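Have a look at the structure below before the remarks.
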Amino acid sequence: MAIQKVGVVGCGLMGSGIAQVSAQAGFPTVVREVSPEIVDKGLRSIDKNLARLVEKAIINEAQKNEIRGRLKGTTALEDLKGCDVIVEAIIEQLPAKRELFGALDALCPASTIFASNTSSLTITEIATATKRPQRFVGLHFFNPVPVMKLVEVVRTIATDPAVYEEMVAFGTKLGKTPVRAHDSTGFIVNRLLVPYLLDAIRALEEGVGSIEDIDNSMKLGCGHPMGPLTLLDFVGLDTTYYIANIMFDEFRERRFASPPLLKRMVLAGWNGRKAGRGFYDYSDPQKPKAMKF
Ligand code: CAA
Ligand code: NAD
């Protein structure tokens, strides 16, 4: 079955990026959000990214308009009905994802392939909210989606091998390098990355170094593009908190446990860059200032 039309659910940090790369790869793409305001915000961020590509002469104005013409934002789930593959990128909470896929299952033809961009939930547990676990995979993209080259393609014990290969090929069509992963919590990248990020918060809590010094240490000492606390703000502290809880629940190991400071920051709504405040204050986004706790 050839993929001709793509659906994306969620137009936040990840969904907007996935919708953008899908339209750039030539697929008519429908992206669904919960309110018109959030649809507009997501599409505006795509417009900004495409305008930057025009400025850098990577695409021309006509190509930008073609890409934009392939994108449709909506709040109506029914608009996803004709899509051959639907990629979900909503909040990292199991009940929300199961409810969404249950509704999509009732709406879409049996041929539609479902994919979740979950960071840490078990694909099997999401897939069993549908009657098509054989047509269900994980497609785990990385933030920022238009820039990061990787997609983890995740299969469960129930995934049809032909559907899995089709999704590996789809990842390549989106301009990504696919890696194959089993349905193990956190897959490959987050199994390794999440304990590191949580340890950076523990180092801060224990007074090992300041926010700036912890970040500069990993940038200048290890060549990372961002320090861990900047990266946490970039990923979203709410999302990281959900991920940590899910991974701790699965593995029962301290390295996956949420540090108390992370919980308190999420309770306070300091969810990182997207909220204007996290380990840094983004009042001036060009010059983030480290917070004082
Ligand atoms: N959307 C689209 N493009 C973006 C972007 C965004 N949000 N942010 C930056 N870019 C582009 C810029 O336009 C620029 O493009 P050119 O090279 O063509 O000019 C390029 O990325 C580099 O940007 P900058 O020069 O502004 O800044 P930088 O050199 O610091 O790079 C970065 C920014 C690519 C984000 C880099 O800092 C980086 O790689 N950071 C680490 C990101 C990372 O680790 N992501 C994984 C997070 S974990 C995850 O995603 C999994 C999970 O489940 C939580
Ligand atoms: P986000 O908070 O930026 O966006 C989530 C969006 O989903 C919100 O805009 C919300 O309005 C929308 N939403 C919630 N319920 C919905 C529904 N039923 N239908 C349509 N839209 C709905 O979060 P994000 O960072 O984009 O994360 C989304 C998913 O991607 C999560 O599962 C997360 O674990 C995963 N992920 C995140 C990152 C990251 O770095 N942030 C990286 C890889 C994977």
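Each chain of the structure tokens is named A, B, ... in the order shown, its residues numbered from 1; ligands are numbered from 1 in display order.
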*Apply DSSP to the structure's backbone, then extract all residues of region 13-186 of chain A labelled helix (DSSP H, G or I) and return them as a ChimeraX atom specification.*
/A:13-24,36-55,61-69,77-80,94-107,123-127,133-135,161-173
*Contacts of ligand 2, 7 Å or closer, only C-alpha atoms and all ligand atoms, given as a ChimeraX atom specification*: /A:9-15,32-34,38,89-92,96,100,117-120,140-143,234-236,239,243
Set the cut-off to 10 Å, count only C-alpha atoms and all ligand atoms, and list whatever residues fall near ligand 1 as a short mmCIF file (atom, residue, chain, number, x, y, z; two decimals) with all heavy atoms, in the first residue's frame.
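Saved to part15.cif:
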```
data_model
loop_
_atom_site.label_atom_id
_atom_site.label_comp_id
_atom_site.auth_asym_id
_atom_site.auth_seq_id
_atom_site.Cartn_x
_atom_site.Cartn_y
_atom_site.Cartn_z
N LEU A 13 5.08 21.19 19.97
CA LEU A 13 6.49 21.16 19.57
C LEU A 13 6.75 20.09 18.52
O LEU A 13 7.35 20.35 17.49
CB LEU A 13 7.35 20.81 20.80
CG LEU A 13 7.70 21.90 21.79
CD1 LEU A 13 8.54 21.34 22.93
CD2 LEU A 13 8.45 23.01 21.08
N MET A 14 6.29 18.86 18.80
CA MET A 14 6.63 17.73 17.92
C MET A 14 5.67 17.63 16.73
O MET A 14 6.11 17.44 15.60
CB MET A 14 6.60 16.42 18.71
CG MET A 14 7.63 16.36 19.81
SD MET A 14 9.32 16.60 19.22
CE MET A 14 9.61 15.09 18.31
N SER A 16 3.92 19.83 15.15
CA SER A 16 4.13 20.85 14.10
C SER A 16 5.35 20.47 13.26
O SER A 16 5.33 20.60 12.03
CB SER A 16 4.27 22.25 14.70
OG SER A 16 5.39 22.30 15.56
N GLY A 17 6.40 19.96 13.91
CA GLY A 17 7.60 19.55 13.16
C GLY A 17 7.32 18.35 12.26
O GLY A 17 7.80 18.30 11.12
N GLN A 20 5.36 19.49 9.33
CA GLN A 20 6.22 20.23 8.40
C GLN A 20 7.04 19.28 7.52
O GLN A 20 7.06 19.41 6.29
CB GLN A 20 7.16 21.16 9.18
CG GLN A 20 8.08 21.94 8.25
CD GLN A 20 9.12 22.78 8.99
OE1 GLN A 20 8.85 23.29 10.08
NE2 GLN A 20 10.29 22.93 8.40
N SER A 45 4.37 28.50 13.61
CA SER A 45 5.76 28.08 13.83
C SER A 45 6.30 27.39 12.57
O SER A 45 7.46 27.55 12.21
CB SER A 45 5.90 27.23 15.09
OG SER A 45 5.71 25.88 14.80
N ILE A 46 5.42 26.67 11.85
CA ILE A 46 5.85 26.06 10.57
C ILE A 46 6.17 27.17 9.56
O ILE A 46 7.20 27.13 8.87
CB ILE A 46 4.76 25.11 10.01
CG1 ILE A 46 4.56 23.94 10.98
CG2 ILE A 46 5.11 24.64 8.62
CD1 ILE A 46 3.43 22.98 10.61
N LYS A 48 7.22 30.13 10.12
CA LYS A 48 8.51 30.74 10.51
C LYS A 48 9.68 29.88 10.02
O LYS A 48 10.64 30.38 9.44
CB LYS A 48 8.56 30.88 12.04
CG LYS A 48 9.16 32.18 12.51
CD LYS A 48 8.97 32.38 13.99
CE LYS A 48 10.22 31.98 14.73
NZ LYS A 48 10.08 31.90 16.16
N ASN A 49 9.55 28.56 10.23
CA ASN A 49 10.62 27.65 9.78
C ASN A 49 10.78 27.69 8.26
O ASN A 49 11.90 27.70 7.76
CB ASN A 49 10.30 26.21 10.21
CG ASN A 49 10.52 26.00 11.69
OD1 ASN A 49 11.17 26.80 12.36
ND2 ASN A 49 9.98 24.92 12.21
N LEU A 50 9.63 27.72 7.54
CA LEU A 50 9.71 27.71 6.07
C LEU A 50 10.29 29.03 5.56
O LEU A 50 11.09 29.05 4.62
CB LEU A 50 8.32 27.46 5.45
CG LEU A 50 7.71 26.07 5.71
CD1 LEU A 50 6.31 25.97 5.10
CD2 LEU A 50 8.60 24.95 5.16
N ARG A 52 12.47 30.79 7.09
CA ARG A 52 13.92 30.72 7.34
C ARG A 52 14.60 29.92 6.22
O ARG A 52 15.70 30.27 5.78
CB ARG A 52 14.16 30.04 8.69
CG ARG A 52 15.40 30.53 9.40
CD ARG A 52 15.34 30.37 10.90
NE ARG A 52 14.88 29.04 11.32
CZ ARG A 52 14.45 28.76 12.55
NH1 ARG A 52 14.40 29.71 13.46
NH2 ARG A 52 14.07 27.55 12.87
N LEU A 53 13.93 28.87 5.73
CA LEU A 53 14.51 28.08 4.64
C LEU A 53 14.59 28.90 3.35
O LEU A 53 15.52 28.74 2.56
CB LEU A 53 13.69 26.80 4.41
CG LEU A 53 13.67 25.78 5.56
CD1 LEU A 53 12.82 24.57 5.21
CD2 LEU A 53 15.08 25.33 5.94
N GLU A 55 14.90 32.27 3.31
CA GLU A 55 16.01 33.22 3.56
C GLU A 55 17.36 32.59 3.26
O GLU A 55 18.25 33.23 2.72
CB GLU A 55 16.03 33.61 5.04
CG GLU A 55 15.27 34.87 5.40
CD GLU A 55 15.12 34.96 6.92
OE1 GLU A 55 16.07 34.63 7.64
OE2 GLU A 55 14.01 35.32 7.36
N LYS A 56 17.48 31.31 3.62
CA LYS A 56 18.77 30.63 3.43
C LYS A 56 18.90 30.03 2.03
O LYS A 56 19.85 29.29 1.75
CB LYS A 56 18.92 29.52 4.49
CG LYS A 56 19.19 30.11 5.88
CD LYS A 56 19.52 29.06 6.90
CE LYS A 56 18.27 28.38 7.40
NZ LYS A 56 18.45 27.47 8.51
N ALA A 57 17.90 30.31 1.17
CA ALA A 57 17.86 29.84 -0.23
C ALA A 57 17.88 28.31 -0.33
O ALA A 57 18.35 27.74 -1.31
CB ALA A 57 19.00 30.46 -1.04
N ILE A 58 17.35 27.63 0.69
CA ILE A 58 17.24 26.16 0.63
C ILE A 58 16.00 25.79 -0.19
O ILE A 58 16.00 24.82 -0.93
CB ILE A 58 17.19 25.57 2.06
CG1 ILE A 58 18.53 25.81 2.75
CG2 ILE A 58 16.84 24.08 2.04
CD1 ILE A 58 18.56 25.51 4.22
N GLU A 92 1.94 13.27 26.71
CA GLU A 92 2.51 11.95 27.04
C GLU A 92 1.72 11.30 28.19
O GLU A 92 2.24 11.09 29.29
CB GLU A 92 4.00 12.13 27.40
CG GLU A 92 4.78 10.85 27.66
CD GLU A 92 5.07 10.03 26.41
OE1 GLU A 92 4.45 10.27 25.37
OE2 GLU A 92 5.94 9.16 26.51
N ASN A 117 4.13 8.86 18.43
CA ASN A 117 5.44 9.48 18.65
C ASN A 117 5.80 9.46 20.14
O ASN A 117 6.65 10.22 20.59
CB ASN A 117 5.39 10.92 18.13
CG ASN A 117 6.69 11.68 18.27
OD1 ASN A 117 7.74 11.20 17.85
ND2 ASN A 117 6.65 12.85 18.88
N THR A 118 5.15 8.60 20.91
CA THR A 118 5.42 8.57 22.35
C THR A 118 6.92 8.44 22.65
O THR A 118 7.64 7.74 21.93
CB THR A 118 4.67 7.42 23.06
OG1 THR A 118 4.98 7.47 24.45
CG2 THR A 118 5.05 6.06 22.51
N SER A 119 7.36 9.09 23.73
CA SER A 119 8.76 9.01 24.14
C SER A 119 9.01 7.81 25.03
O SER A 119 10.13 7.34 25.14
CB SER A 119 9.13 10.26 24.97
OG SER A 119 8.92 11.42 24.25
N SER A 120 7.98 7.36 25.74
CA SER A 120 8.25 6.39 26.80
C SER A 120 7.11 5.40 27.06
O SER A 120 7.31 4.42 27.77
CB SER A 120 8.54 7.14 28.11
OG SER A 120 7.47 8.03 28.41
N HIS A 140 9.20 7.44 16.51
CA HIS A 140 9.69 8.39 17.52
C HIS A 140 10.70 9.36 16.89
O HIS A 140 11.82 8.98 16.55
CB HIS A 140 10.34 7.62 18.69
CG HIS A 140 10.74 8.49 19.82
ND1 HIS A 140 11.90 8.31 20.54
CD2 HIS A 140 10.13 9.58 20.37
CE1 HIS A 140 11.99 9.25 21.47
NE2 HIS A 140 10.93 10.02 21.38
N PHE A 141 10.21 10.60 16.72
CA PHE A 141 11.03 11.66 16.13
C PHE A 141 11.74 12.44 17.24
O PHE A 141 11.42 12.29 18.42
CB PHE A 141 10.14 12.63 15.34
CG PHE A 141 9.49 12.01 14.13
CD1 PHE A 141 8.27 11.35 14.23
CD2 PHE A 141 10.10 12.10 12.89
CE1 PHE A 141 7.67 10.78 13.11
CE2 PHE A 141 9.51 11.53 11.76
CZ PHE A 141 8.29 10.88 11.87
N PHE A 142 12.65 13.33 16.84
CA PHE A 142 13.45 14.08 17.81
C PHE A 142 13.33 15.58 17.58
O PHE A 142 13.11 16.02 16.47
CB PHE A 142 14.93 13.58 17.74
CG PHE A 142 14.98 12.17 18.23
CD1 PHE A 142 14.67 11.12 17.38
CD2 PHE A 142 15.21 11.89 19.56
CE1 PHE A 142 14.61 9.81 17.83
CE2 PHE A 142 15.14 10.59 20.03
CZ PHE A 142 14.85 9.55 19.17
N ASN A 143 13.46 16.30 18.64
CA ASN A 143 13.18 17.73 18.69
C ASN A 143 14.47 18.54 18.50
O ASN A 143 15.42 18.31 19.23
CB ASN A 143 12.59 18.01 20.10
CG ASN A 143 12.19 19.43 20.32
OD1 ASN A 143 12.02 20.20 19.39
ND2 ASN A 143 12.04 19.81 21.58
N PRO A 144 14.53 19.49 17.55
CA PRO A 144 13.49 19.91 16.62
C PRO A 144 13.40 18.98 15.40
O PRO A 144 14.42 18.70 14.76
CB PRO A 144 13.95 21.30 16.18
CG PRO A 144 15.44 21.33 16.40
CD PRO A 144 15.75 20.35 17.48
N VAL A 145 12.18 18.54 15.09
CA VAL A 145 11.99 17.52 14.06
C VAL A 145 12.59 17.92 12.70
O VAL A 145 13.22 17.09 12.04
CB VAL A 145 10.48 17.17 13.91
CG1 VAL A 145 10.29 16.09 12.84
CG2 VAL A 145 9.90 16.70 15.23
N PRO A 146 12.43 19.18 12.25
CA PRO A 146 12.99 19.48 10.93
C PRO A 146 14.51 19.35 10.87
O PRO A 146 15.07 19.20 9.79
CB PRO A 146 12.58 20.95 10.69
CG PRO A 146 11.42 21.17 11.61
CD PRO A 146 11.70 20.32 12.81
N VAL A 147 15.17 19.39 12.03
CA VAL A 147 16.64 19.37 12.05
C VAL A 147 17.20 17.99 12.39
O VAL A 147 18.19 17.55 11.78
CB VAL A 147 17.18 20.41 13.08
CG1 VAL A 147 18.70 20.39 13.12
CG2 VAL A 147 16.66 21.81 12.78
N MET A 148 16.62 17.30 13.36
CA MET A 148 17.23 16.06 13.86
C MET A 148 16.99 14.93 12.85
O MET A 148 15.88 14.75 12.36
CB MET A 148 16.67 15.68 15.24
CG MET A 148 16.76 16.79 16.28
SD MET A 148 18.38 17.56 16.43
CE MET A 148 19.23 16.38 17.44
N LYS A 149 18.05 14.19 12.58
CA LYS A 149 18.04 13.25 11.45
C LYS A 149 17.42 11.89 11.76
O LYS A 149 17.20 11.09 10.86
CB LYS A 149 19.49 13.01 10.98
CG LYS A 149 20.17 14.25 10.43
CD LYS A 149 19.79 14.44 8.98
CE LYS A 149 20.34 15.72 8.39
NZ LYS A 149 19.29 16.68 8.10
N LEU A 150 17.20 11.62 13.04
CA LEU A 150 16.82 10.25 13.43
C LEU A 150 15.31 10.07 13.55
O LEU A 150 14.60 10.99 13.96
CB LEU A 150 17.46 9.93 14.79
CG LEU A 150 17.30 8.49 15.29
CD1 LEU A 150 18.14 7.54 14.46
CD2 LEU A 150 17.67 8.37 16.76
N VAL A 151 14.84 8.85 13.20
CA VAL A 151 13.51 8.41 13.67
C VAL A 151 13.67 6.96 14.14
O VAL A 151 14.28 6.14 13.44
CB VAL A 151 12.41 8.57 12.59
CG1 VAL A 151 12.69 7.77 11.32
CG2 VAL A 151 11.04 8.20 13.16
N GLU A 152 13.19 6.69 15.35
CA GLU A 152 13.17 5.31 15.83
C GLU A 152 11.85 4.70 15.36
O GLU A 152 10.78 5.26 15.62
CB GLU A 152 13.24 5.27 17.37
CG GLU A 152 14.58 5.72 17.92
CD GLU A 152 14.61 5.73 19.45
OE1 GLU A 152 13.71 6.33 20.08
OE2 GLU A 152 15.54 5.15 20.02
N GLY A 186 11.12 3.61 26.45
CA GLY A 186 12.18 4.58 26.16
C GLY A 186 12.96 4.26 24.90
O GLY A 186 13.80 5.05 24.46
N PHE A 187 12.68 3.07 24.31
CA PHE A 187 13.36 2.63 23.08
C PHE A 187 14.88 2.75 23.26
O PHE A 187 15.38 2.38 24.33
CB PHE A 187 12.82 3.38 21.85
CG PHE A 187 11.32 3.55 21.89
CD1 PHE A 187 10.72 4.80 21.75
CD2 PHE A 187 10.49 2.46 22.12
CE1 PHE A 187 9.33 4.95 21.83
CE2 PHE A 187 9.10 2.60 22.20
CZ PHE A 187 8.53 3.85 22.05
N VAL A 189 17.07 5.75 22.39
CA VAL A 189 17.63 7.05 22.79
C VAL A 189 17.23 7.41 24.22
O VAL A 189 18.10 7.77 25.03
CB VAL A 189 17.19 8.16 21.80
CG1 VAL A 189 17.59 9.54 22.34
CG2 VAL A 189 17.83 7.95 20.44
N ASN A 190 15.96 7.32 24.55
CA ASN A 190 15.56 7.78 25.89
C ASN A 190 16.03 6.85 27.00
O ASN A 190 16.19 7.28 28.15
CB ASN A 190 14.05 8.02 25.95
CG ASN A 190 13.69 9.33 25.28
OD1 ASN A 190 14.54 10.21 25.14
ND2 ASN A 190 12.44 9.48 24.87
N ARG A 191 16.30 5.57 26.67
CA ARG A 191 16.88 4.66 27.67
C ARG A 191 18.23 5.23 28.14
O ARG A 191 18.61 5.12 29.30
CB ARG A 191 17.06 3.28 27.04
CG ARG A 191 17.80 2.26 27.91
CD ARG A 191 16.90 1.67 28.97
NE ARG A 191 16.01 0.67 28.45
CZ ARG A 191 16.19 -0.65 28.55
NH1 ARG A 191 17.23 -1.12 29.20
NH2 ARG A 191 15.31 -1.49 28.04
N LEU A 193 19.34 8.63 27.28
CA LEU A 193 19.32 10.09 27.50
C LEU A 193 18.64 10.51 28.80
O LEU A 193 19.11 11.42 29.49
CB LEU A 193 18.61 10.77 26.30
CG LEU A 193 18.45 12.29 26.36
CD1 LEU A 193 19.81 12.98 26.26
CD2 LEU A 193 17.53 12.79 25.24
N VAL A 194 17.52 9.86 29.12
CA VAL A 194 16.70 10.33 30.26
C VAL A 194 17.47 10.26 31.60
O VAL A 194 17.47 11.24 32.35
CB VAL A 194 15.32 9.63 30.28
CG1 VAL A 194 14.56 9.94 31.56
CG2 VAL A 194 14.50 10.07 29.05
N LEU A 197 19.77 13.26 31.78
CA LEU A 197 19.09 14.54 32.03
C LEU A 197 18.65 14.64 33.49
O LEU A 197 18.81 15.69 34.13
CB LEU A 197 17.87 14.69 31.10
CG LEU A 197 18.19 14.81 29.60
CD1 LEU A 197 16.89 14.90 28.79
CD2 LEU A 197 19.06 16.02 29.30
N HIS A 224 28.70 18.60 23.57
CA HIS A 224 27.25 18.52 23.31
C HIS A 224 26.76 19.86 22.76
O HIS A 224 27.22 20.91 23.22
CB HIS A 224 26.49 18.20 24.61
CG HIS A 224 26.70 16.80 25.11
ND1 HIS A 224 25.88 16.20 26.03
CD2 HIS A 224 27.63 15.87 24.78
CE1 HIS A 224 26.30 14.97 26.27
NE2 HIS A 224 27.36 14.75 25.53
N PRO A 225 25.79 19.86 21.83
CA PRO A 225 25.31 21.15 21.30
C PRO A 225 24.59 22.00 22.34
O PRO A 225 24.58 23.22 22.24
CB PRO A 225 24.37 20.74 20.17
CG PRO A 225 24.06 19.31 20.37
CD PRO A 225 25.18 18.71 21.15
N MET A 226 23.99 21.35 23.32
CA MET A 226 23.28 22.06 24.41
C MET A 226 23.65 21.39 25.71
O MET A 226 23.77 20.16 25.75
CB MET A 226 21.77 21.87 24.28
CG MET A 226 21.08 22.70 23.27
SD MET A 226 19.34 22.20 23.24
CE MET A 226 18.69 23.49 22.19
N GLY A 227 23.74 22.18 26.79
CA GLY A 227 23.91 21.58 28.11
C GLY A 227 22.62 20.87 28.52
O GLY A 227 21.55 21.14 27.95
N PRO A 228 22.67 19.98 29.51
CA PRO A 228 21.49 19.18 29.86
C PRO A 228 20.32 19.99 30.39
O PRO A 228 19.16 19.64 30.12
CB PRO A 228 22.01 18.21 30.93
CG PRO A 228 23.25 18.85 31.47
CD PRO A 228 23.84 19.62 30.34
N THR A 230 19.60 23.18 29.62
CA THR A 230 19.03 23.86 28.44
C THR A 230 18.22 22.86 27.63
O THR A 230 17.12 23.17 27.14
CB THR A 230 20.17 24.44 27.57
OG1 THR A 230 20.90 25.37 28.35
CG2 THR A 230 19.64 25.13 26.33
N LEU A 231 18.73 21.64 27.49
CA LEU A 231 18.02 20.63 26.71
C LEU A 231 16.71 20.25 27.40
O LEU A 231 15.68 20.06 26.74
CB LEU A 231 18.92 19.39 26.51
CG LEU A 231 18.34 18.26 25.64
CD1 LEU A 231 17.85 18.76 24.28
CD2 LEU A 231 19.37 17.16 25.44
N LEU A 232 16.73 20.18 28.74
CA LEU A 232 15.48 19.89 29.46
C LEU A 232 14.44 20.97 29.19
O LEU A 232 13.26 20.67 28.95
CB LEU A 232 15.76 19.80 30.97
CG LEU A 232 16.34 18.45 31.43
CD1 LEU A 232 17.13 18.62 32.72
CD2 LEU A 232 15.22 17.43 31.60
N PHE A 234 14.26 22.73 26.59
CA PHE A 234 13.92 22.62 25.17
C PHE A 234 12.90 21.48 24.95
O PHE A 234 11.93 21.63 24.21
CB PHE A 234 15.23 22.36 24.42
CG PHE A 234 15.13 22.42 22.94
CD1 PHE A 234 14.77 23.60 22.29
CD2 PHE A 234 15.41 21.30 22.16
CE1 PHE A 234 14.70 23.65 20.91
CE2 PHE A 234 15.34 21.35 20.78
CZ PHE A 234 14.98 22.53 20.15
N VAL A 235 13.12 20.37 25.62
CA VAL A 235 12.21 19.21 25.50
C VAL A 235 10.86 19.53 26.15
O VAL A 235 9.80 19.12 25.67
CB VAL A 235 12.86 17.96 26.16
CG1 VAL A 235 11.83 16.85 26.38
CG2 VAL A 235 14.02 17.45 25.32
N GLY A 236 10.89 20.28 27.25
CA GLY A 236 9.68 20.58 28.04
C GLY A 236 9.77 19.83 29.37
O GLY A 236 9.95 18.60 29.37
N LEU A 237 9.64 20.55 30.49
CA LEU A 237 9.80 19.88 31.79
C LEU A 237 8.59 19.02 32.11
O LEU A 237 8.72 17.98 32.76
CB LEU A 237 10.06 20.91 32.89
CG LEU A 237 11.34 21.75 32.71
CD1 LEU A 237 11.63 22.56 33.97
CD2 LEU A 237 12.54 20.90 32.37
N THR A 239 6.80 17.34 29.87
CA THR A 239 7.00 16.11 29.09
C THR A 239 8.05 15.23 29.75
O THR A 239 7.87 14.01 29.89
CB THR A 239 7.41 16.49 27.64
OG1 THR A 239 6.36 17.30 27.09
CG2 THR A 239 7.62 15.28 26.76
N THR A 240 9.16 15.84 30.21
CA THR A 240 10.22 15.05 30.86
C THR A 240 9.71 14.41 32.15
O THR A 240 10.06 13.26 32.46
CB THR A 240 11.42 15.96 31.19
OG1 THR A 240 11.79 16.68 30.02
CG2 THR A 240 12.60 15.15 31.70
N ILE A 243 7.65 11.44 31.24
CA ILE A 243 8.54 10.38 30.75
C ILE A 243 9.23 9.69 31.94
O ILE A 243 9.28 8.45 32.02
CB ILE A 243 9.61 10.95 29.78
CG1 ILE A 243 8.96 11.49 28.50
CG2 ILE A 243 10.66 9.90 29.44
CD1 ILE A 243 9.93 12.25 27.58
#
```
*Would you return as a PyMOL selection string the members of region 3-251 of chain A that DSSP assigns to strand (DSSP E or B) on this structure's backbone?*
chain A and resi 6-9+29-32+71-74+85-88+113-116+136-141+150-155+177-182
*asked:* I'd like the neighbourhood of Ala158 (chain A) as an NGL selection string, where a residue qualifies if any of its atoms comes within 9 Å (using only C-alpha atoms), though same-chain residues fewer than 2 positions away should be ignored.
replied: :A and (124 or 133-136 or 155-156 or 160-161)
Just the selected residues (C-alpha atoms), exported as a short mmCIF file (atom, residue, chain, number, x, y, z; two decimals), in the first residue's frame, please.
```
data_model
loop_
_atom_site.label_atom_id
_atom_site.label_comp_id
_atom_site.auth_asym_id
_atom_site.auth_seq_id
_atom_site.Cartn_x
_atom_site.Cartn_y
_atom_site.Cartn_z
CA THR A 124 1.53 -2.30 22.79
CA PRO A 133 -2.54 -3.74 16.70
CA GLN A 134 -1.02 -5.40 13.60
CA ARG A 135 -1.15 -2.00 11.83
CA PHE A 136 0.34 -0.05 14.75
CA ARG A 155 7.55 -2.67 16.42
CA THR A 156 5.55 -4.66 18.93
CA ASP A 160 2.71 -6.99 10.85
CA PRO A 161 6.27 -7.22 9.38
#
```
*Which value, in Å to one decimal, gives the distance between CA of Gln93 (chain A) and CA of Val31 (chain A)?*
19.5 Å
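Comparing A:Arg180, A:Thr185, A:Phe251, A:Leu71 by their smallest distance to Ile123 (chain A), the closest is A:Thr185 (using only C-alpha atoms).
With CA of Val266 (chain A) on one side and CA of Tyr242 (chain A) on the other, the separation reads 10.0 Å.
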_Given only C-alpha atoms as the basis, pick out the residue of A:Gln4, A:Gln24, A:Ser217, A:Asn65 nearest to Val85 (chain A)._
A:Gln4
*Quick one: residues within 10 Å of Leu107 (chain A), only C-alpha atoms counted, chain neighbours fewer than 4 positions away excluded, as an MDAnalysis selection string?*
chainID A and resid 77:82 101:103
*Skipping near chain neighbours, those fewer than 3 positions away, what residues fall within 12 Å of Ser210 (chain A) using only C-alpha atoms, listed as JSON, numbers by chain?*
{"A": [200, 201, 202, 203, 204, 205, 206, 207, 213, 214, 215, 216, 217, 227, 229, 279, 280, 290, 291, 292, 293]}
Export N, CA, C and O atoms of the chosen residues as a short mmCIF file (atom, residue, chain, number, x, y, z; two decimals), in the first residue's frame?
```cif
data_model
loop_
_atom_site.label_atom_id
_atom_site.label_comp_id
_atom_site.auth_asym_id
_atom_site.auth_seq_id
_atom_site.Cartn_x
_atom_site.Cartn_y
_atom_site.Cartn_z
N ALA A 200 21.47 15.43 35.77
CA ALA A 200 21.89 16.84 35.74
C ALA A 200 21.06 17.63 36.76
O ALA A 200 21.58 18.53 37.45
N ILE A 201 19.76 17.31 36.88
CA ILE A 201 18.92 18.00 37.88
C ILE A 201 19.38 17.60 39.28
O ILE A 201 19.48 18.44 40.18
N ARG A 202 19.71 16.32 39.47
CA ARG A 202 20.19 15.89 40.80
C ARG A 202 21.51 16.60 41.14
O ARG A 202 21.73 17.00 42.28
N ALA A 203 22.37 16.80 40.14
CA ALA A 203 23.64 17.50 40.39
C ALA A 203 23.35 18.94 40.84
O ALA A 203 24.01 19.47 41.75
N LEU A 204 22.35 19.56 40.20
CA LEU A 204 21.97 20.93 40.58
C LEU A 204 21.40 20.93 42.00
O LEU A 204 21.79 21.77 42.84
N GLU A 205 20.51 19.99 42.29
CA GLU A 205 19.90 19.90 43.63
C GLU A 205 20.98 19.73 44.70
O GLU A 205 20.87 20.27 45.80
N GLU A 206 22.00 18.95 44.38
CA GLU A 206 23.04 18.65 45.38
C GLU A 206 24.13 19.72 45.43
O GLU A 206 25.12 19.58 46.16
N GLY A 207 23.97 20.77 44.61
CA GLY A 207 24.92 21.89 44.65
C GLY A 207 26.28 21.58 44.04
O GLY A 207 27.28 22.23 44.34
N ASP A 213 27.14 26.46 34.97
CA ASP A 213 28.35 25.64 34.98
C ASP A 213 28.05 24.19 34.60
O ASP A 213 28.87 23.55 33.92
N ILE A 214 26.90 23.68 35.01
CA ILE A 214 26.54 22.31 34.59
C ILE A 214 26.38 22.28 33.07
O ILE A 214 26.92 21.40 32.39
N ASP A 215 25.68 23.28 32.52
CA ASP A 215 25.47 23.30 31.06
C ASP A 215 26.79 23.48 30.31
O ASP A 215 27.08 22.75 29.34
N ASN A 216 27.60 24.45 30.77
CA ASN A 216 28.87 24.68 30.05
C ASN A 216 29.79 23.48 30.14
O ASN A 216 30.54 23.21 29.20
N SER A 217 29.71 22.75 31.25
CA SER A 217 30.60 21.58 31.40
C SER A 217 30.35 20.57 30.30
O SER A 217 31.28 20.04 29.69
N GLY A 227 23.74 22.18 26.79
CA GLY A 227 23.91 21.58 28.11
C GLY A 227 22.62 20.87 28.52
O GLY A 227 21.55 21.14 27.95
N LEU A 229 20.58 21.10 31.10
CA LEU A 229 19.46 21.86 31.67
C LEU A 229 18.80 22.69 30.56
O LEU A 229 17.57 22.84 30.53
N PHE A 279 14.60 26.14 33.72
CA PHE A 279 15.89 26.41 34.39
C PHE A 279 16.40 27.79 33.99
O PHE A 279 17.23 28.37 34.66
N TYR A 280 15.90 28.29 32.87
CA TYR A 280 16.23 29.65 32.41
C TYR A 280 14.95 30.46 32.25
O TYR A 280 13.87 29.90 32.05
N ALA A 290 19.77 32.36 33.58
CA ALA A 290 19.61 31.23 34.51
C ALA A 290 18.75 31.67 35.69
O ALA A 290 18.90 32.78 36.21
N MET A 291 17.84 30.80 36.11
CA MET A 291 16.98 31.10 37.26
C MET A 291 17.77 30.96 38.55
O MET A 291 18.74 30.21 38.61
N LYS A 292 17.32 31.68 39.57
CA LYS A 292 17.91 31.51 40.91
C LYS A 292 16.86 30.79 41.75
O LYS A 292 15.72 31.23 41.81
N PHE A 293 17.23 29.67 42.35
CA PHE A 293 16.26 28.95 43.19
C PHE A 293 16.52 29.22 44.66
O PHE A 293 17.64 29.32 45.09
#
```
_Just checking: using only C-alpha atoms, which residue out of A:Leu198, A:Val30, A:Val154, A:Ala25 ends up closest to Lys72 (chain A)?_
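Distance minimum relative to Lys72 (chain A) lands on A:Val30.
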*Ser22 (chain A): which residues within 8 Å, counting only C-alpha atoms, same-chain residues fewer than 6 positions away excluded, as a ChimeraX atom specification?*
/A:6,28-29,174
*Which distance in Å separates CA of Val8 (chain A) and CA of Ile59 (chain A), to one decimal?*
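Between CA of Val8 (chain A) and CA of Ile59 (chain A) the gap works out to 23.3 Å.
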